[in-house]
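With TSV, C-alpha atoms and all ligand atoms inside, this is protein-v6.tsv:
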```tsv
chain	number	residue	atom	x	y	z
A	1	MET	CA	7.75	-19.22	-8.85
A	2	SER	CA	10.98	-17.28	-8.30
A	3	ALA	CA	14.10	-18.73	-9.97
A	4	MET	CA	16.98	-20.02	-7.89
A	5	ILE	CA	20.11	-17.91	-7.54
A	6	PRO	CA	22.60	-19.14	-10.17
A	7	ASP	CA	25.97	-20.53	-9.03
A	8	MET	CA	24.81	-20.65	-5.42
A	9	GLU	CA	28.12	-21.88	-3.99
A	10	ASN	CA	29.98	-18.90	-5.37
A	11	TYR	CA	27.14	-16.62	-4.33
A	12	PHE	CA	27.13	-17.81	-0.71
A	13	ARG	CA	30.92	-17.50	-0.50
A	14	GLY	CA	30.18	-13.78	-0.52
A	15	PHE	CA	28.49	-14.10	2.89
A	16	ILE	CA	31.31	-15.63	4.94
A	17	PRO	CA	31.04	-13.91	8.32
A	18	PRO	CA	33.80	-11.47	9.31
A	19	ARG	CA	36.24	-12.45	12.07
A	20	ASP	CA	39.08	-10.94	14.04
A	21	ALA	CA	42.84	-11.17	13.45
A	22	LEU	CA	43.30	-14.13	15.82
A	23	LEU	CA	40.66	-16.29	14.09
A	24	LEU	CA	42.08	-15.33	10.67
A	25	ALA	CA	45.57	-16.32	11.85
A	26	LEU	CA	44.24	-19.67	13.11
A	27	GLU	CA	42.56	-20.26	9.75
A	28	GLU	CA	45.84	-19.58	7.92
A	29	GLU	CA	47.72	-21.85	10.29
A	30	ALA	CA	45.09	-24.58	9.86
A	31	ALA	CA	45.35	-24.34	6.05
A	32	ARG	CA	49.16	-24.49	6.24
A	33	GLU	CA	49.25	-27.45	8.61
A	34	SER	CA	46.08	-29.27	7.50
A	35	ILE	CA	44.37	-28.87	10.87
A	36	PRO	CA	40.67	-29.67	10.22
A	37	ILE	CA	38.98	-26.71	11.96
A	38	VAL	CA	35.30	-25.91	11.43
A	39	GLY	CA	35.96	-22.62	9.59
A	40	PRO	CA	34.06	-19.34	9.77
A	41	VAL	CA	30.57	-20.51	8.76
A	42	VAL	CA	30.27	-23.37	11.24
A	43	GLY	CA	32.15	-21.23	13.78
A	44	GLU	CA	29.50	-18.55	13.46
A	45	LEU	CA	26.77	-21.21	13.60
A	46	LEU	CA	28.22	-22.48	16.88
A	47	TYR	CA	28.21	-18.95	18.26
A	48	ILE	CA	24.60	-18.38	17.16
A	49	LEU	CA	23.32	-21.69	18.54
A	50	ALA	CA	25.17	-21.37	21.85
A	51	ARG	CA	23.99	-17.79	22.27
A	52	ALA	CA	20.38	-18.56	21.31
A	53	ALA	CA	20.34	-21.54	23.69
A	54	GLY	CA	21.81	-19.39	26.47
A	55	ALA	CA	24.31	-22.22	26.98
A	56	ARG	CA	26.22	-21.67	30.22
A	57	ASN	CA	28.03	-25.01	30.42
A	58	ILE	CA	29.43	-26.25	27.13
A	59	LEU	CA	31.35	-29.44	26.42
A	60	GLU	CA	33.43	-29.69	23.26
A	61	LEU	CA	34.97	-32.95	22.01
A	62	GLY	CA	38.01	-32.16	19.85
A	63	THR	CA	39.84	-28.89	20.66
A	64	ALA	CA	42.62	-28.84	18.01
A	65	SER	CA	44.06	-25.30	18.04
A	66	GLY	CA	41.05	-23.89	19.89
A	67	TYR	CA	39.31	-22.22	16.92
A	68	SER	CA	35.78	-23.54	17.51
A	69	ALA	CA	36.13	-23.21	21.29
A	70	ILE	CA	36.82	-19.48	20.82
A	71	TYR	CA	33.45	-19.09	19.07
A	72	LEU	CA	31.72	-21.09	21.81
A	73	ALA	CA	33.43	-19.21	24.65
A	74	ARG	CA	32.52	-15.85	23.12
A	75	ALA	CA	28.85	-16.89	23.22
A	76	LEU	CA	28.87	-17.68	26.96
A	77	PRO	CA	26.80	-15.66	29.40
A	78	PRO	CA	28.63	-14.31	32.50
A	79	GLY	CA	29.72	-17.20	34.70
A	80	GLY	CA	29.66	-19.69	31.82
A	81	LYS	CA	32.39	-22.15	30.89
A	82	VAL	CA	33.59	-24.35	28.04
A	83	ILE	CA	35.32	-27.66	28.77
A	84	SER	CA	37.12	-29.00	25.70
A	85	LEU	CA	38.60	-32.51	25.39
A	86	GLU	CA	41.69	-33.17	23.28
A	87	LEU	CA	43.77	-36.29	22.65
A	88	SER	CA	46.95	-34.53	21.53
A	89	ASP	CA	49.06	-32.86	24.25
A	90	ALA	CA	50.68	-30.64	21.61
A	91	MET	CA	47.30	-29.41	20.34
A	92	ALA	CA	46.04	-28.86	23.87
A	93	SER	CA	49.07	-26.62	24.60
A	94	ARG	CA	48.55	-24.65	21.40
A	95	ALA	CA	44.89	-24.19	22.20
A	96	ARG	CA	45.68	-22.92	25.72
A	97	ALA	CA	48.10	-20.37	24.21
A	98	ASN	CA	45.38	-19.25	21.80
A	99	PHE	CA	42.81	-18.87	24.59
A	100	LEU	CA	45.32	-16.66	26.39
A	101	LYS	CA	45.73	-14.52	23.24
A	102	ALA	CA	41.94	-14.27	22.99
A	103	GLY	CA	41.61	-13.31	26.67
A	104	LEU	CA	39.44	-16.41	27.17
A	105	GLU	CA	41.81	-18.45	29.35
A	106	LYS	CA	39.49	-18.28	32.36
A	107	LEU	CA	36.48	-19.41	30.31
A	108	VAL	CA	37.91	-22.48	28.56
A	109	GLU	CA	39.40	-25.53	30.25
A	110	VAL	CA	41.20	-28.05	28.05
A	111	ARG	CA	41.36	-31.62	29.35
A	112	GLU	CA	43.82	-33.95	27.69
A	113	GLY	CA	42.98	-37.55	26.87
A	114	GLN	CA	40.71	-39.88	24.94
A	115	ALA	CA	37.33	-38.15	24.94
A	116	LEU	CA	35.35	-41.34	25.60
A	117	ASN	CA	37.40	-42.07	28.73
A	118	LEU	CA	37.24	-38.49	29.97
A	119	MET	CA	33.47	-38.37	29.42
A	120	ALA	CA	32.99	-41.66	31.26
A	121	ALA	CA	34.51	-40.07	34.37
A	122	MET	CA	32.43	-36.86	34.15
A	123	THR	CA	29.30	-36.13	36.15
A	124	ALA	CA	28.59	-32.45	35.32
A	125	THR	CA	25.54	-31.49	33.31
A	126	PHE	CA	25.92	-29.49	30.11
A	127	ASP	CA	23.58	-27.25	28.12
A	128	LEU	CA	25.36	-27.86	24.83
A	129	ILE	CA	27.77	-30.51	23.54
A	130	PHE	CA	29.78	-30.07	20.34
A	131	LEU	CA	31.10	-33.30	18.85
A	132	ASP	CA	34.20	-32.98	16.62
A	133	ILE	CA	36.56	-35.92	17.27
A	134	ASP	CA	37.37	-39.01	15.18
A	135	LYS	CA	34.13	-40.01	13.49
A	136	GLU	CA	34.25	-43.66	14.64
A	137	SER	CA	33.92	-42.37	18.22
A	138	TYR	CA	30.67	-40.47	17.53
A	139	ALA	CA	28.38	-43.50	18.05
A	140	PRO	CA	30.16	-44.68	21.24
A	141	ALA	CA	30.03	-41.08	22.53
A	142	LEU	CA	26.27	-40.87	22.13
A	143	SER	CA	25.32	-42.56	25.43
A	144	HIS	CA	27.79	-40.28	27.28
A	145	CYS	CA	26.27	-37.26	25.53
A	146	ARG	CA	22.80	-38.33	26.65
A	147	ARG	CA	23.98	-38.76	30.24
A	148	LEU	CA	25.89	-35.45	30.37
A	149	LEU	CA	23.41	-33.25	28.48
A	150	LYS	CA	20.40	-31.76	30.26
A	151	VAL	CA	16.95	-32.59	28.91
A	152	GLY	CA	16.37	-29.83	26.35
A	153	GLY	CA	20.13	-29.53	25.77
A	154	LEU	CA	21.60	-29.20	22.32
A	155	LEU	CA	23.97	-31.66	20.64
A	156	ILE	CA	25.81	-30.46	17.55
A	157	ALA	CA	27.92	-32.90	15.53
A	158	ASP	CA	30.28	-31.81	12.75
A	159	ASN	CA	31.43	-33.93	9.77
A	160	VAL	CA	28.54	-36.39	9.77
A	161	GLY	CA	29.02	-36.79	6.01
A	162	PHE	CA	32.06	-38.96	6.77
A	163	ALA	CA	31.55	-42.72	6.47
A	164	GLY	CA	32.79	-43.18	10.04
A	165	ALA	CA	29.76	-41.22	11.30
A	166	ASP	CA	27.23	-43.61	9.70
A	167	ALA	CA	26.49	-45.54	12.91
A	168	PHE	CA	26.02	-42.27	14.82
A	169	ASN	CA	23.74	-40.87	12.10
A	170	ARG	CA	21.50	-43.94	12.29
A	171	GLU	CA	21.51	-44.31	16.08
A	172	ILE	CA	20.64	-40.73	16.95
A	173	CYS	CA	17.64	-40.88	14.62
A	174	SER	CA	16.41	-44.18	16.07
A	175	GLN	CA	16.69	-43.42	19.80
A	176	LYS	CA	13.68	-41.89	21.54
A	177	SER	CA	15.98	-39.71	23.68
A	178	TRP	CA	16.71	-37.45	20.73
A	179	ARG	CA	15.02	-35.30	18.13
A	180	ALA	CA	17.65	-34.93	15.47
A	181	VAL	CA	18.14	-33.61	11.98
A	182	HIS	CA	21.07	-34.15	9.61
A	183	LEU	CA	21.77	-31.16	7.39
A	184	LEU	CA	23.72	-31.73	4.19
A	185	SER	CA	25.37	-28.35	3.77
A	186	PHE	CA	27.65	-26.24	1.64
A	187	LEU	CA	30.10	-24.75	4.15
A	188	PRO	CA	32.70	-22.36	2.68
A	189	GLN	CA	36.16	-22.86	4.24
A	190	HIS	CA	34.99	-25.89	6.21
A	191	SER	CA	36.94	-29.10	5.87
A	192	PRO	CA	35.40	-30.41	3.59
A	193	GLU	CA	33.15	-27.70	2.12
A	194	LYS	CA	30.30	-30.13	1.39
A	195	ASP	CA	29.49	-32.04	4.56
A	196	GLY	CA	26.74	-32.94	6.99
A	197	LEU	CA	25.98	-31.41	10.38
A	198	THR	CA	23.68	-32.92	12.98
A	199	LEU	CA	21.57	-30.77	15.26
A	200	ALA	CA	19.78	-32.65	18.02
A	201	VAL	CA	17.97	-31.93	21.23
A	202	ARG	CA	17.78	-34.36	24.14
A	203	VAL	CA	14.07	-34.87	24.74
A	204	ASP	CA	14.19	-37.74	27.26
B	1	LIG	C1	38.43	-31.92	13.73
B	1	LIG	S1	39.65	-31.54	14.91
B	1	LIG	C2	38.82	-30.42	15.98
B	1	LIG	C3	38.69	-29.05	15.39
B	1	LIG	C4	38.16	-28.01	16.35
B	1	LIG	N1	36.90	-28.45	16.94
B	1	LIG	C5	37.95	-26.72	15.62
B	1	LIG	O1	37.08	-26.67	14.76
B	1	LIG	O2	38.67	-25.76	15.89
B	1	LIG	C6	39.65	-32.98	15.88
B	1	LIG	C7	40.56	-32.90	17.09
B	1	LIG	O3	40.11	-33.92	17.98
B	1	LIG	C8	41.22	-34.65	18.45
B	1	LIG	N2	40.68	-36.03	18.64
B	1	LIG	C9	40.41	-36.95	17.69
B	1	LIG	N3	39.88	-38.05	18.24
B	1	LIG	C10	39.83	-37.81	19.57
B	1	LIG	C11	39.35	-38.55	20.66
B	1	LIG	N4	38.84	-39.77	20.50
B	1	LIG	N5	39.41	-38.00	21.90
B	1	LIG	C12	39.92	-36.74	22.06
B	1	LIG	N6	40.37	-35.99	21.06
B	1	LIG	C13	40.32	-36.51	19.82
B	1	LIG	C14	42.30	-34.54	17.41
B	1	LIG	O4	43.58	-34.65	18.00
B	1	LIG	C15	42.02	-33.17	16.81
B	1	LIG	O5	42.80	-32.17	17.40
```
Output the structure of this file as structure tokens.
Amino acid sequence: MSAMIPDMENYFRGFIPPRDALLLALEEEAARESIPIVGPVVGELLYILARAAGARNILELGTASGYSAIYLARALPPGGKVISLELSDAMASRARANFLKAGLEKLVEVREGQALNLMAAMTATFDLIFLDIDKESYAPALSHCRRLLKVGGLLIADNVGFAGADAFNREICSQKSWRAVHLLSFLPQHSPEKDGLTLAVRVD
């Protein structure tokens, strides 16, 4: 049997995907101001999953400075759209400015407010939902995600290694509406670098 690569964490740091000047600037800003963005590995994962799923209508919970939404918006097919929900007015304004810089202002709509309330008032159907708000809201958001996601749609949840995500982690694996997997991952430049991600598809 082949041996494992020694010092795998260091080794895989060598494969962080490249990104443009705007994303690099947002990473530096996030490090300076402790804004918990997904970083380049999960960002690239979001792009890959959205692109592979052909996701046209994407809902993001938790915009912050707009870093992850830029990856999602860049994966959209023509005519696609990202709606991103953000509690902080200040963050929402910063994100809008960043979408303008990225030339994505027509593709991303930021809605300000408590995500659970905003979702409760929504009726649109989405192909992909990305969950990245306070972890205690993940479990209460699950029924909204089921209602707003098409059958066959993809739910991605970040930071499920946090204690606050425990109820969500258990519920999504016990409900027949979902097929879900939790991935404990090493994620260079993610906050934190060792964390869980959930990938789930709505099956019912
Ligand atoms: C982890 S950050 C999002 C990072 C962003 N997805 C990225 O990677 O670029 C979480 C953001 O969600 C917002 N937030 C937290 N709880 C929220 C809630 N219940 N409803 C709406 N926004 C929330 C915070 O203000 C913060 O900006």
Neighbours of A:Leu148 within 7 Å (all atoms listed in the file; same-chain residues fewer than 2 positions away dropped), as an mmCIF file with C-alpha atoms, in the frame of the given file?
```cif
data_model
loop_
_atom_site.group_PDB
_atom_site.id
_atom_site.type_symbol
_atom_site.label_atom_id
_atom_site.label_comp_id
_atom_site.auth_asym_id
_atom_site.auth_seq_id
_atom_site.Cartn_x
_atom_site.Cartn_y
_atom_site.Cartn_z
ATOM 1 C CA THR A 123 29.300 -36.130 36.150
ATOM 2 C CA ALA A 124 28.590 -32.450 35.320
ATOM 3 C CA THR A 125 25.540 -31.490 33.310
ATOM 4 C CA PHE A 126 25.920 -29.490 30.110
ATOM 5 C CA HIS A 144 27.790 -40.280 27.280
ATOM 6 C CA CYS A 145 26.270 -37.260 25.530
ATOM 7 C CA ARG A 146 22.800 -38.330 26.650
ATOM 8 C CA LYS A 150 20.400 -31.760 30.260
#
```
Which residues are near ligand LIG 1 (chain B) in this structure, taking near to mean any atom at most 8 Å from a ligand atom and counting only C-alpha atoms and all ligand atoms? Format them as a ChimeraX atom specification. /A:35-39,43,60-69,85-88,91-92,112-116,131-135,137
Proximity to A:Ile83 - best of A:Leu100, A:Ala3, A:Leu23, A:Leu107, all atoms listed in the file: A:Leu107
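For the set A:Arg96, A:Lys176, A:Arg13, A:Lys106, the residue with the smallest atom-to-atom gap to A:Gln189 is A:Arg13, counting only C-alpha atoms.
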A:Asp195 environment, 7 Å, all atoms listed in the file, sequence neighbours closer than 2 positions dropped, as a list in words: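 Contacts, with the query itself left out: Asn159, Val160, Gly161, Leu184, Ser185, Phe186, Pro192, Glu193 and Leu197 of chain A.
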Which residue, A:Leu149, A:Leu26, A:Ala50, A:Leu155, has the smallest gap to A:Ala97 when you use all atoms listed in the file?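 Closest candidate: A:Leu26.
Distances here use only C-alpha atoms; by that measure, the residue among A:Ser174, A:Asn98, A:Asn57, A:Ser93 closest to A:Pro78 is A:Asn57.
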Grab the atom CA of A:Pro77 to atom CA of A:Gly54 distance for me, in Å with one decimal place.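 Rounded to one decimal, the two atoms are 6.9 Å apart.
With distances restricted to only C-alpha atoms, A:Val42 is the closest residue to A:Thr198 from A:Ala52, A:Val110, A:Ala21, A:Val42.
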Just want the 8 Å neighbourhood of A:Pro40, counted on all atoms listed in the file, with same-chain residues fewer than 3 positions away dropped. Output as a ChimeraX atom specification. /A:16-19,43-44,188-190
Kindly compute an axis-aligned box around the listed atoms of stretch 169-180 of chain A, allowing 4 Å on each side, and express its centre and edge lengths in Å to one decimal as AutoDock Vina command-line options.
```
--center_x 18.7 --center_y -39.6 --center_z 17.9 --size_x 18.1 --size_y 17.4 --size_z 19.6
```
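The space separating atom CA of A:Ala163 from atom CA of A:Tyr138 comes to 11.3 Å.
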Would you list the residues near (27.0, -29.1, 18.3), meaning any protein, DNA or RNA residue with an atom at most 8 Å from that point in file coordinates, counting all atoms listed in the file, as a list of chain:residue names?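 Final list of nearby residues, as requested, is A:Leu46, A:Leu128, A:Ile129, A:Phe130, A:Leu131, A:Leu154, A:Leu155, A:Ile156, A:Ala157, A:Asp158, A:Thr198, A:Leu199.
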To one decimal place in Å, what is the distance between atom CA of A:Leu49 and atom CA of A:Arg170? 23.2 Å
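Of the listed residues (A:Ala200, A:Leu59, A:Arg111, A:Leu104), A:Ala200 comes nearest to A:Ile172; the distances count only C-alpha atoms.
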